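Novice: Sharing protein19.pdb (PDB, N, CA and C atoms) below.
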```pdb
ATOM      1  N   MET A   1      49.268  60.931  79.382
ATOM      2  CA  MET A   1      47.960  60.320  79.388
ATOM      3  C   MET A   1      48.123  58.855  79.021
ATOM      4  N   SER A   2      47.179  58.054  79.510
ATOM      5  CA  SER A   2      47.344  56.616  79.403
ATOM      6  C   SER A   2      46.150  55.967  78.750
ATOM      7  N   GLY A   3      46.296  54.715  78.317
ATOM      8  CA  GLY A   3      45.186  54.002  77.742
ATOM      9  C   GLY A   3      45.466  52.517  77.596
ATOM     10  N   ASP A   4      46.475  51.994  78.299
ATOM     11  CA  ASP A   4      46.863  50.601  78.163
ATOM     12  C   ASP A   4      46.103  49.661  79.085
ATOM     13  N   LEU A   5      45.360  50.170  80.047
ATOM     14  CA  LEU A   5      44.630  49.349  80.994
ATOM     15  C   LEU A   5      43.207  49.093  80.514
ATOM     16  N   ALA A   6      42.638  47.968  80.930
ATOM     17  CA  ALA A   6      41.222  47.706  80.665
ATOM     18  C   ALA A   6      40.402  48.497  81.675
ATOM     19  N   THR A   7      39.292  49.057  81.233
ATOM     20  CA  THR A   7      38.424  49.808  82.122
ATOM     21  C   THR A   7      37.689  48.843  83.048
ATOM     22  N   GLU A   8      37.698  49.157  84.326
ATOM     23  CA  GLU A   8      37.037  48.339  85.337
ATOM     24  C   GLU A   8      35.899  49.125  85.961
ATOM     25  N   THR A   9      34.944  48.422  86.555
ATOM     26  CA  THR A   9      33.845  49.114  87.241
ATOM     27  C   THR A   9      34.188  49.246  88.721
ATOM     28  N   VAL A  10      33.570  50.225  89.349
ATOM     29  CA  VAL A  10      33.771  50.426  90.783
ATOM     30  C   VAL A  10      33.301  49.177  91.534
ATOM     31  N   ALA A  11      32.143  48.642  91.163
ATOM     32  CA  ALA A  11      31.608  47.459  91.846
ATOM     33  C   ALA A  11      32.553  46.272  91.729
ATOM     34  N   ASP A  12      33.124  46.053  90.544
ATOM     35  CA  ASP A  12      34.057  44.936  90.362
ATOM     36  C   ASP A  12      35.323  45.127  91.196
ATOM     37  N   LEU A  13      35.815  46.359  91.256
ATOM     38  CA  LEU A  13      37.020  46.624  92.061
ATOM     39  C   LEU A  13      36.742  46.363  93.539
ATOM     40  N   VAL A  14      35.607  46.835  94.030
ATOM     41  CA  VAL A  14      35.267  46.634  95.442
ATOM     42  C   VAL A  14      35.070  45.146  95.717
ATOM     43  N   ALA A  15      34.345  44.453  94.843
ATOM     44  CA  ALA A  15      34.077  43.021  95.031
ATOM     45  C   ALA A  15      35.360  42.190  94.985
ATOM     46  N   SER A  16      36.329  42.633  94.193
ATOM     47  CA  SER A  16      37.576  41.877  94.056
ATOM     48  C   SER A  16      38.450  41.964  95.296
ATOM     49  N   GLY A  17      38.219  42.986  96.109
ATOM     50  CA  GLY A  17      39.042  43.174  97.296
ATOM     51  C   GLY A  17      40.374  43.838  97.017
ATOM     52  N   ARG A  18      40.605  44.229  95.768
ATOM     53  CA  ARG A  18      41.868  44.904  95.428
ATOM     54  C   ARG A  18      41.960  46.232  96.154
ATOM     55  N   ILE A  19      43.115  46.500  96.718
ATOM     56  CA  ILE A  19      43.311  47.788  97.389
ATOM     57  C   ILE A  19      44.606  48.455  96.934
ATOM     58  N   ALA A  20      45.234  47.884  95.913
ATOM     59  CA  ALA A  20      46.482  48.446  95.395
ATOM     60  C   ALA A  20      46.598  48.086  93.928
ATOM     61  N   GLY A  21      47.542  48.733  93.258
ATOM     62  CA  GLY A  21      47.779  48.463  91.850
ATOM     63  C   GLY A  21      47.138  49.511  90.956
ATOM     64  N   GLU A  22      47.374  49.362  89.684
ATOM     65  CA  GLU A  22      46.864  50.315  88.696
ATOM     66  C   GLU A  22      45.437  49.960  88.303
ATOM     67  N   ALA A  23      44.649  50.980  87.977
ATOM     68  CA  ALA A  23      43.278  50.761  87.529
ATOM     69  C   ALA A  23      42.870  51.884  86.586
ATOM     70  N   GLN A  24      41.863  51.597  85.779
ATOM     71  CA  GLN A  24      41.282  52.587  84.866
ATOM     72  C   GLN A  24      39.770  52.525  85.052
ATOM     73  N   ILE A  25      39.171  53.682  85.297
ATOM     74  CA  ILE A  25      37.737  53.753  85.559
ATOM     75  C   ILE A  25      37.127  54.845  84.700
ATOM     76  N   SER A  26      35.994  54.525  84.108
ATOM     77  CA  SER A  26      35.273  55.486  83.281
ATOM     78  C   SER A  26      33.918  55.757  83.924
ATOM     79  N   GLY A  27      33.543  57.029  83.997
ATOM     80  CA  GLY A  27      32.256  57.370  84.587
ATOM     81  C   GLY A  27      31.962  58.850  84.448
ATOM     82  N   THR A  28      30.833  59.231  84.981
ATOM     83  CA  THR A  28      30.414  60.631  84.949
ATOM     84  C   THR A  28      31.009  61.372  86.137
ATOM     85  N   VAL A  29      31.596  62.514  85.866
ATOM     86  CA  VAL A  29      32.135  63.366  86.929
ATOM     87  C   VAL A  29      30.944  63.996  87.645
ATOM     88  N   THR A  30      30.781  63.676  88.934
ATOM     89  CA  THR A  30      29.644  64.217  89.684
ATOM     90  C   THR A  30      30.019  65.400  90.566
ATOM     91  N   SER A  31      31.304  65.516  90.885
ATOM     92  CA  SER A  31      31.755  66.701  91.627
ATOM     93  C   SER A  31      33.262  66.861  91.482
ATOM     94  N   ILE A  32      33.689  68.103  91.608
ATOM     95  CA  ILE A  32      35.113  68.436  91.612
ATOM     96  C   ILE A  32      35.334  69.376  92.794
ATOM     97  N   ASP A  33      36.126  68.941  93.753
ATOM     98  CA  ASP A  33      36.420  69.723  94.946
ATOM     99  C   ASP A  33      37.878  70.160  94.874
ATOM    100  N   ALA A  34      38.114  71.334  94.293
ATOM    101  CA  ALA A  34      39.475  71.853  94.154
ATOM    102  C   ALA A  34      39.956  72.397  95.495
ATOM    103  N   ARG A  35      41.207  72.097  95.801
ATOM    104  CA  ARG A  35      41.812  72.521  97.069
ATOM    105  C   ARG A  35      43.229  73.020  96.818
ATOM    106  N   ARG A  36      43.839  73.566  97.863
ATOM    107  CA  ARG A  36      45.235  73.996  97.776
ATOM    108  C   ARG A  36      46.012  73.364  98.923
ATOM    109  N   ASN A  37      47.227  72.907  98.604
ATOM    110  CA  ASN A  37      48.072  72.343  99.652
ATOM    111  C   ASN A  37      48.831  73.471 100.360
ATOM    112  N   LYS A  38      49.695  73.110 101.301
ATOM    113  CA  LYS A  38      50.442  74.114 102.066
ATOM    114  C   LYS A  38      51.321  74.989 101.189
ATOM    115  N   ALA A  39      51.773  74.450 100.066
ATOM    116  CA  ALA A  39      52.605  75.211  99.131
ATOM    117  C   ALA A  39      51.752  76.032  98.158
ATOM    118  N   GLU A  40      50.422  76.033  98.398
ATOM    119  CA  GLU A  40      49.464  76.776  97.563
ATOM    120  C   GLU A  40      49.290  76.199  96.158
ATOM    121  N   ASN A  41      49.672  74.927  95.966
ATOM    122  CA  ASN A  41      49.460  74.259  94.682
ATOM    123  C   ASN A  41      48.064  73.652  94.677
ATOM    124  N   GLU A  42      47.369  73.801  93.563
ATOM    125  CA  GLU A  42      46.010  73.285  93.468
ATOM    126  C   GLU A  42      46.004  71.773  93.201
ATOM    127  N   TRP A  43      45.088  71.082  93.845
ATOM    128  CA  TRP A  43      44.826  69.669  93.623
ATOM    129  C   TRP A  43      43.328  69.490  93.784
ATOM    130  N   ALA A  44      42.797  68.301  93.537
ATOM    131  CA  ALA A  44      41.350  68.142  93.627
ATOM    132  C   ALA A  44      40.941  66.725  93.981
ATOM    133  N   ILE A  45      39.743  66.632  94.542
ATOM    134  CA  ILE A  45      39.071  65.357  94.742
ATOM    135  C   ILE A  45      37.910  65.344  93.757
ATOM    136  N   VAL A  46      37.930  64.364  92.867
ATOM    137  CA  VAL A  46      36.918  64.244  91.813
ATOM    138  C   VAL A  46      36.074  63.010  92.104
ATOM    139  N   ALA A  47      34.758  63.162  92.147
ATOM    140  CA  ALA A  47      33.865  62.016  92.317
ATOM    141  C   ALA A  47      33.478  61.516  90.935
ATOM    142  N   LEU A  48      33.674  60.210  90.724
ATOM    143  CA  LEU A  48      33.401  59.588  89.434
ATOM    144  C   LEU A  48      32.378  58.471  89.650
ATOM    145  N   ASP A  49      31.221  58.564  88.973
ATOM    146  CA  ASP A  49      30.134  57.590  89.094
ATOM    147  C   ASP A  49      30.041  56.796  87.806
ATOM    148  N   ASP A  50      30.301  55.484  87.903
ATOM    149  CA  ASP A  50      30.261  54.651  86.698
ATOM    150  C   ASP A  50      28.958  53.858  86.558
ATOM    151  N   GLY A  51      27.972  54.156  87.389
ATOM    152  CA  GLY A  51      26.698  53.454  87.335
ATOM    153  C   GLY A  51      26.645  52.245  88.250
ATOM    154  N   THR A  52      27.817  51.769  88.704
ATOM    155  CA  THR A  52      27.858  50.651  89.644
ATOM    156  C   THR A  52      28.309  51.121  91.019
ATOM    157  N   GLY A  53      28.795  52.346  91.078
ATOM    158  CA  GLY A  53      29.285  52.915  92.322
ATOM    159  C   GLY A  53      30.027  54.207  92.061
ATOM    160  N   VAL A  54      30.425  54.842  93.130
ATOM    161  CA  VAL A  54      31.150  56.110  93.043
ATOM    162  C   VAL A  54      32.515  55.913  93.690
ATOM    163  N   ILE A  55      33.539  56.459  93.052
ATOM    164  CA  ILE A  55      34.886  56.419  93.618
ATOM    165  C   ILE A  55      35.443  57.834  93.653
ATOM    166  N   GLU A  56      36.157  58.133  94.729
ATOM    167  CA  GLU A  56      36.849  59.415  94.808
ATOM    168  C   GLU A  56      38.197  59.271  94.135
ATOM    169  N   VAL A  57      38.478  60.209  93.258
ATOM    170  CA  VAL A  57      39.752  60.240  92.555
ATOM    171  C   VAL A  57      40.523  61.443  93.082
ATOM    172  N   LEU A  58      41.678  61.199  93.658
ATOM    173  CA  LEU A  58      42.507  62.288  94.165
ATOM    174  C   LEU A  58      43.528  62.638  93.099
ATOM    175  N   ALA A  59      43.494  63.874  92.671
ATOM    176  CA  ALA A  59      44.412  64.352  91.631
ATOM    177  C   ALA A  59      45.333  65.387  92.279
ATOM    178  N   PHE A  60      46.554  64.970  92.544
ATOM    179  CA  PHE A  60      47.514  65.842  93.194
ATOM    180  C   PHE A  60      48.111  66.830  92.185
ATOM    181  N   PRO A  61      48.773  67.897  92.649
ATOM    182  CA  PRO A  61      49.127  69.030  91.789
ATOM    183  C   PRO A  61      49.685  68.712  90.402
ATOM    184  N   LYS A  62      50.699  67.883  90.295
ATOM    185  CA  LYS A  62      51.304  67.624  88.984
ATOM    186  C   LYS A  62      50.287  67.025  88.008
ATOM    187  N   ASN A  63      49.556  66.005  88.456
ATOM    188  CA  ASN A  63      48.577  65.352  87.586
ATOM    189  C   ASN A  63      47.320  66.202  87.412
ATOM    190  N   TRP A  64      46.936  66.944  88.452
ATOM    191  CA  TRP A  64      45.749  67.787  88.360
ATOM    192  C   TRP A  64      45.914  68.847  87.269
ATOM    193  N   THR A  65      47.080  69.415  87.171
ATOM    194  CA  THR A  65      47.345  70.418  86.140
ATOM    195  C   THR A  65      47.095  69.851  84.744
ATOM    196  N   ALA A  66      47.467  68.595  84.533
ATOM    197  CA  ALA A  66      47.316  67.966  83.217
ATOM    198  C   ALA A  66      45.878  67.550  82.916
ATOM    199  N   ILE A  67      45.147  67.072  83.925
ATOM    200  CA  ILE A  67      43.804  66.552  83.641
ATOM    201  C   ILE A  67      42.679  67.563  83.852
ATOM    202  N   LYS A  68      42.940  68.602  84.627
ATOM    203  CA  LYS A  68      41.913  69.595  84.951
ATOM    204  C   LYS A  68      41.175  70.146  83.724
ATOM    205  N   PRO A  69      41.875  70.529  82.649
ATOM    206  CA  PRO A  69      41.170  71.111  81.502
ATOM    207  C   PRO A  69      40.194  70.146  80.817
ATOM    208  N   HIS A  70      40.322  68.845  81.097
ATOM    209  CA  HIS A  70      39.512  67.834  80.416
ATOM    210  C   HIS A  70      38.333  67.343  81.241
ATOM    211  N   LEU A  71      38.189  67.852  82.469
ATOM    212  CA  LEU A  71      37.120  67.398  83.352
ATOM    213  C   LEU A  71      36.055  68.455  83.527
ATOM    214  N   GLN A  72      34.818  68.010  83.512
ATOM    215  CA  GLN A  72      33.688  68.908  83.719
ATOM    216  C   GLN A  72      32.572  68.106  84.389
ATOM    217  N   VAL A  73      31.962  68.673  85.419
ATOM    218  CA  VAL A  73      30.859  68.004  86.099
ATOM    219  C   VAL A  73      29.760  67.704  85.082
ATOM    220  N   GLY A  74      29.261  66.469  85.127
ATOM    221  CA  GLY A  74      28.209  66.036  84.219
ATOM    222  C   GLY A  74      28.715  65.376  82.948
ATOM    223  N   LYS A  75      30.015  65.416  82.729
ATOM    224  CA  LYS A  75      30.612  64.811  81.535
ATOM    225  C   LYS A  75      31.323  63.511  81.907
ATOM    226  N   VAL A  76      31.434  62.621  80.927
ATOM    227  CA  VAL A  76      32.111  61.337  81.136
ATOM    228  C   VAL A  76      33.621  61.517  80.986
ATOM    229  N   ALA A  77      34.355  60.854  81.863
ATOM    230  CA  ALA A  77      35.814  60.876  81.807
ATOM    231  C   ALA A  77      36.336  59.481  82.132
ATOM    232  N   THR A  78      37.487  59.157  81.583
ATOM    233  CA  THR A  78      38.163  57.903  81.896
ATOM    234  C   THR A  78      39.504  58.262  82.518
ATOM    235  N   LEU A  79      39.667  57.864  83.771
ATOM    236  CA  LEU A  79      40.874  58.203  84.523
ATOM    237  C   LEU A  79      41.652  56.947  84.885
ATOM    238  N   THR A  80      42.959  57.071  84.885
ATOM    239  CA  THR A  80      43.838  55.983  85.304
ATOM    240  C   THR A  80      44.550  56.406  86.577
ATOM    241  N   GLY A  81      44.981  55.421  87.340
ATOM    242  CA  GLY A  81      45.706  55.754  88.552
ATOM    243  C   GLY A  81      46.011  54.546  89.406
ATOM    244  N   ARG A  82      46.480  54.829  90.614
ATOM    245  CA  ARG A  82      46.832  53.807  91.589
ATOM    246  C   ARG A  82      45.717  53.688  92.613
ATOM    247  N   LEU A  83      45.291  52.465  92.862
ATOM    248  CA  LEU A  83      44.278  52.232  93.885
ATOM    249  C   LEU A  83      44.868  52.435  95.269
ATOM    250  N   ASN A  84      44.040  52.917  96.182
ATOM    251  CA  ASN A  84      44.443  53.103  97.564
ATOM    252  C   ASN A  84      43.245  52.820  98.455
ATOM    253  N   HIS A  85      43.481  52.080  99.529
ATOM    254  CA  HIS A  85      42.436  51.862 100.526
ATOM    255  C   HIS A  85      42.636  52.894 101.619
ATOM    256  N   ASN A  86      41.674  53.787 101.779
ATOM    257  CA  ASN A  86      41.768  54.829 102.791
ATOM    258  C   ASN A  86      41.411  54.211 104.141
ATOM    259  N   SER A  87      42.396  54.055 105.006
ATOM    260  CA  SER A  87      42.156  53.403 106.293
ATOM    261  C   SER A  87      41.262  54.234 107.212
ATOM    262  N   ARG A  88      41.225  55.537 106.990
ATOM    263  CA  ARG A  88      40.385  56.414 107.820
ATOM    264  C   ARG A  88      38.909  56.253 107.473
ATOM    265  N   THR A  89      38.596  56.187 106.171
ATOM    266  CA  THR A  89      37.197  56.104 105.744
ATOM    267  C   THR A  89      36.771  54.676 105.397
ATOM    268  N   GLY A  90      37.755  53.793 105.161
ATOM    269  CA  GLY A  90      37.442  52.435 104.759
ATOM    270  C   GLY A  90      37.063  52.308 103.294
ATOM    271  N   ARG A  91      37.222  53.380 102.543
ATOM    272  CA  ARG A  91      36.799  53.389 101.142
ATOM    273  C   ARG A  91      37.986  53.249 100.197
ATOM    274  N   LEU A  92      37.663  52.743  99.015
ATOM    275  CA  LEU A  92      38.650  52.623  97.951
ATOM    276  C   LEU A  92      38.748  53.963  97.221
ATOM    277  N   GLU A  93      39.968  54.396  96.934
ATOM    278  CA  GLU A  93      40.219  55.644  96.215
ATOM    279  C   GLU A  93      41.125  55.353  95.024
ATOM    280  N   LEU A  94      41.176  56.307  94.119
ATOM    281  CA  LEU A  94      42.097  56.227  92.991
ATOM    282  C   LEU A  94      42.961  57.481  93.012
ATOM    283  N   TYR A  95      44.276  57.300  93.027
ATOM    284  CA  TYR A  95      45.199  58.429  92.921
ATOM    285  C   TYR A  95      45.482  58.606  91.432
ATOM    286  N   ALA A  96      44.961  59.668  90.852
ATOM    287  CA  ALA A  96      45.029  59.869  89.405
ATOM    288  C   ALA A  96      46.467  59.995  88.901
ATOM    289  N   THR A  97      46.736  59.290  87.815
ATOM    290  CA  THR A  97      48.016  59.421  87.133
ATOM    291  C   THR A  97      47.831  59.851  85.687
ATOM    292  N   GLY A  98      46.609  59.790  85.184
ATOM    293  CA  GLY A  98      46.374  60.186  83.809
ATOM    294  C   GLY A  98      44.907  60.152  83.425
ATOM    295  N   LEU A  99      44.662  60.573  82.210
ATOM    296  CA  LEU A  99      43.327  60.640  81.652
ATOM    297  C   LEU A  99      43.371  60.068  80.249
ATOM    298  N   VAL A 100      42.392  59.244  79.922
ATOM    299  CA  VAL A 100      42.296  58.690  78.579
ATOM    300  C   VAL A 100      41.396  59.618  77.772
ATOM    301  N   PRO A 101      41.892  60.169  76.684
ATOM    302  CA  PRO A 101      41.069  61.095  75.893
ATOM    303  C   PRO A 101      39.811  60.401  75.368
ATOM    304  N   THR A 102      38.707  61.123  75.392
ATOM    305  CA  THR A 102      37.446  60.623  74.862
ATOM    306  C   THR A 102      37.038  61.446  73.657
ATOM    307  N   ALA A 103      36.205  60.863  72.825
ATOM    308  CA  ALA A 103      35.724  61.589  71.645
ATOM    309  C   ALA A 103      34.870  62.763  72.085
ATOM    310  N   PRO A 104      34.954  63.884  71.374
ATOM    311  CA  PRO A 104      34.181  65.067  71.765
ATOM    312  C   PRO A 104      32.686  64.842  71.659
TER     313      PRO A 104
END
```
Translate the structure described by the file into structure tokens.
Specialist:
Amino acid sequence: MSGDLATETVADLVASGRIAGEAQISGTVTSIDARRNKAENEWAIVALDDGTGVIEVLAFPKNWTAIKPHLQVGKVATLTGRLNHNSRTGRLELYATGLVPTAP
């Protein structure tokens, strides 16, 4: 789990034009779409709304296993990861690498 990055807003990330690099975003989990890959490992797409916008966070199997117990729809979470510009959708995504623990 990580906590060395400054938290950024979705609106600021989009306005900056950044499409790569590390980022940390805090917001309310609005949906969790759990899926399975070809090897039957679970991963998920998590929608995170920080009040300025919504970003999809892709949590692949290794990282999903670590962060899954800490995420719940309707609760606030702070996630870290690598930014990615999805050329198919044109949207900015975050590939999750960790979760910053929050107070209960």
Novice: Would you kindly identify which residues have an atom no farther than 6 Å from (38.0, 57.7, 83.1), using only C-alpha atoms and the file's own coordinates, and write them out as an mmCIF file with N, CA and C atoms, in the coordinates of the input?
Specialist:
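Written output follows (part_20.cif):
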```cif
data_model
loop_
_atom_site.group_PDB
_atom_site.id
_atom_site.type_symbol
_atom_site.label_atom_id
_atom_site.label_comp_id
_atom_site.auth_asym_id
_atom_site.auth_seq_id
_atom_site.Cartn_x
_atom_site.Cartn_y
_atom_site.Cartn_z
ATOM 1 N N ILE A 25 39.171 53.682 85.297
ATOM 2 C CA ILE A 25 37.737 53.753 85.559
ATOM 3 C C ILE A 25 37.127 54.845 84.700
ATOM 4 N N SER A 26 35.994 54.525 84.108
ATOM 5 C CA SER A 26 35.273 55.486 83.281
ATOM 6 C C SER A 26 33.918 55.757 83.924
ATOM 7 N N GLY A 27 33.543 57.029 83.997
ATOM 8 C CA GLY A 27 32.256 57.370 84.587
ATOM 9 C C GLY A 27 31.962 58.850 84.448
ATOM 10 N N ALA A 77 34.355 60.854 81.863
ATOM 11 C CA ALA A 77 35.814 60.876 81.807
ATOM 12 C C ALA A 77 36.336 59.481 82.132
ATOM 13 N N THR A 78 37.487 59.157 81.583
ATOM 14 C CA THR A 78 38.163 57.903 81.896
ATOM 15 C C THR A 78 39.504 58.262 82.518
ATOM 16 N N LEU A 79 39.667 57.864 83.771
ATOM 17 C CA LEU A 79 40.874 58.203 84.523
ATOM 18 C C LEU A 79 41.652 56.947 84.885
#
```
Novice: For the provided coordinates, the residues matched by the PyMOL selection byres ((chain A and resi 4-13) around 8) should be stated as a ChimeraX atom specification.
Specialist: /A:1-3,14-19,22-26,49-55,80,92,100
Novice: Could you tell me which residues the PyMOL selection byres (((chain A and resi 33 and name CA) around 12) and name CA) grabs in this file, written as a list in words?
Specialist: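 Output from the PyMOL selection byres (((chain A and resi 33 and name CA) around 12) and name CA), applied to this file: Val29, Thr30, Ser31, Ile32, Ala34, Arg35, Arg36, Glu42, Trp43, Ala44, Ile45, Val46, Ala47, Leu48, Glu56, Val57, Leu58, Ala59, Phe60, Trp64, Lys68, Leu71, Gln72 and Val73 of chain A.
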Novice: Take the PyMOL selection byres (((chain A and resi 95 and name CA) around 7) and name CA), run it mentally on this structure, and tell me the resulting residues as a ChimeraX atom specification.
Specialist: /A:57-59,81-83,93-94,96-97
Novice: Give me, please, the distance in Å between atom N of Gly74 of chain A and atom C of Lys38 of chain A, quoted to one decimal.
Specialist: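 According to the coordinates, atom N of Gly74 of chain A and atom C of Lys38 of chain A are separated by 28.6 Å.
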Novice: Kindly give the distance, in Å, that separates atom N of Ser87 of chain A and atom CA of Ala20 of chain A, rounded to a single decimal.
Specialist: 11.9 Å
Novice: Enter the distance from atom N of Arg91 of chain A to atom N of Ile67 of chain A, in Å, rounded to one decimal.
Specialist: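 The value is 24.4 Å.
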Novice: Which of segment 21-51 of chain A end up as strand (DSSP E or B) when DSSP is run on this backbone - answer as a compact mmCIF listing (two decimals) with N, CA and C atoms, in the coordinates of the input?
Specialist:
```txt
# COMPACT_ATOMS: atom_id res chain seq x y z
N GLU A 22 47.37 49.36 89.68
CA GLU A 22 46.86 50.32 88.70
C GLU A 22 45.44 49.96 88.30
N ALA A 23 44.65 50.98 87.98
CA ALA A 23 43.28 50.76 87.53
C ALA A 23 42.87 51.88 86.59
N GLN A 24 41.86 51.60 85.78
CA GLN A 24 41.28 52.59 84.87
C GLN A 24 39.77 52.52 85.05
N ILE A 25 39.17 53.68 85.30
CA ILE A 25 37.74 53.75 85.56
C ILE A 25 37.13 54.84 84.70
N SER A 26 35.99 54.52 84.11
CA SER A 26 35.27 55.49 83.28
C SER A 26 33.92 55.76 83.92
N GLY A 27 33.54 57.03 84.00
CA GLY A 27 32.26 57.37 84.59
C GLY A 27 31.96 58.85 84.45
N THR A 28 30.83 59.23 84.98
CA THR A 28 30.41 60.63 84.95
C THR A 28 31.01 61.37 86.14
N VAL A 29 31.60 62.51 85.87
CA VAL A 29 32.14 63.37 86.93
C VAL A 29 30.94 64.00 87.64
N THR A 30 30.78 63.68 88.93
CA THR A 30 29.64 64.22 89.68
C THR A 30 30.02 65.40 90.57
N SER A 31 31.30 65.52 90.88
CA SER A 31 31.76 66.70 91.63
C SER A 31 33.26 66.86 91.48
N ILE A 32 33.69 68.10 91.61
CA ILE A 32 35.11 68.44 91.61
C ILE A 32 35.33 69.38 92.79
N ASP A 33 36.13 68.94 93.75
CA ASP A 33 36.42 69.72 94.95
C ASP A 33 37.88 70.16 94.87
N ALA A 34 38.11 71.33 94.29
CA ALA A 34 39.48 71.85 94.15
C ALA A 34 39.96 72.40 95.50
N ARG A 35 41.21 72.10 95.80
CA ARG A 35 41.81 72.52 97.07
C ARG A 35 43.23 73.02 96.82
N ARG A 36 43.84 73.57 97.86
CA ARG A 36 45.24 74.00 97.78
C ARG A 36 46.01 73.36 98.92
N GLU A 42 47.37 73.80 93.56
CA GLU A 42 46.01 73.28 93.47
C GLU A 42 46.00 71.77 93.20
N TRP A 43 45.09 71.08 93.84
CA TRP A 43 44.83 69.67 93.62
C TRP A 43 43.33 69.49 93.78
N ALA A 44 42.80 68.30 93.54
CA ALA A 44 41.35 68.14 93.63
C ALA A 44 40.94 66.72 93.98
N ILE A 45 39.74 66.63 94.54
CA ILE A 45 39.07 65.36 94.74
C ILE A 45 37.91 65.34 93.76
N VAL A 46 37.93 64.36 92.87
CA VAL A 46 36.92 64.24 91.81
C VAL A 46 36.07 63.01 92.10
N ALA A 47 34.76 63.16 92.15
CA ALA A 47 33.86 62.02 92.32
C ALA A 47 33.48 61.52 90.94
N LEU A 48 33.67 60.21 90.72
CA LEU A 48 33.40 59.59 89.43
C LEU A 48 32.38 58.47 89.65
N ASP A 49 31.22 58.56 88.97
CA ASP A 49 30.13 57.59 89.09
C ASP A 49 30.04 56.80 87.81
```
Novice: How would you write, as a PyMOL selection string, the set of residues in chain A that DSSP gives as alpha helix (DSSP H)?
Specialist: chain A and resi 10-16+61-67
Novice: Could you work out an axis-aligned box for segment 49-55 of chain A, taking every atom the file lists and adding 6 Å on each side, and report centre and edge lengths in Å to one decimal, as AutoDock Vina command-line options?
Specialist:
```
--center_x 31.0 --center_y 54.6 --center_z 90.1 --size_x 20.8 --size_y 19.9 --size_z 19.1
```
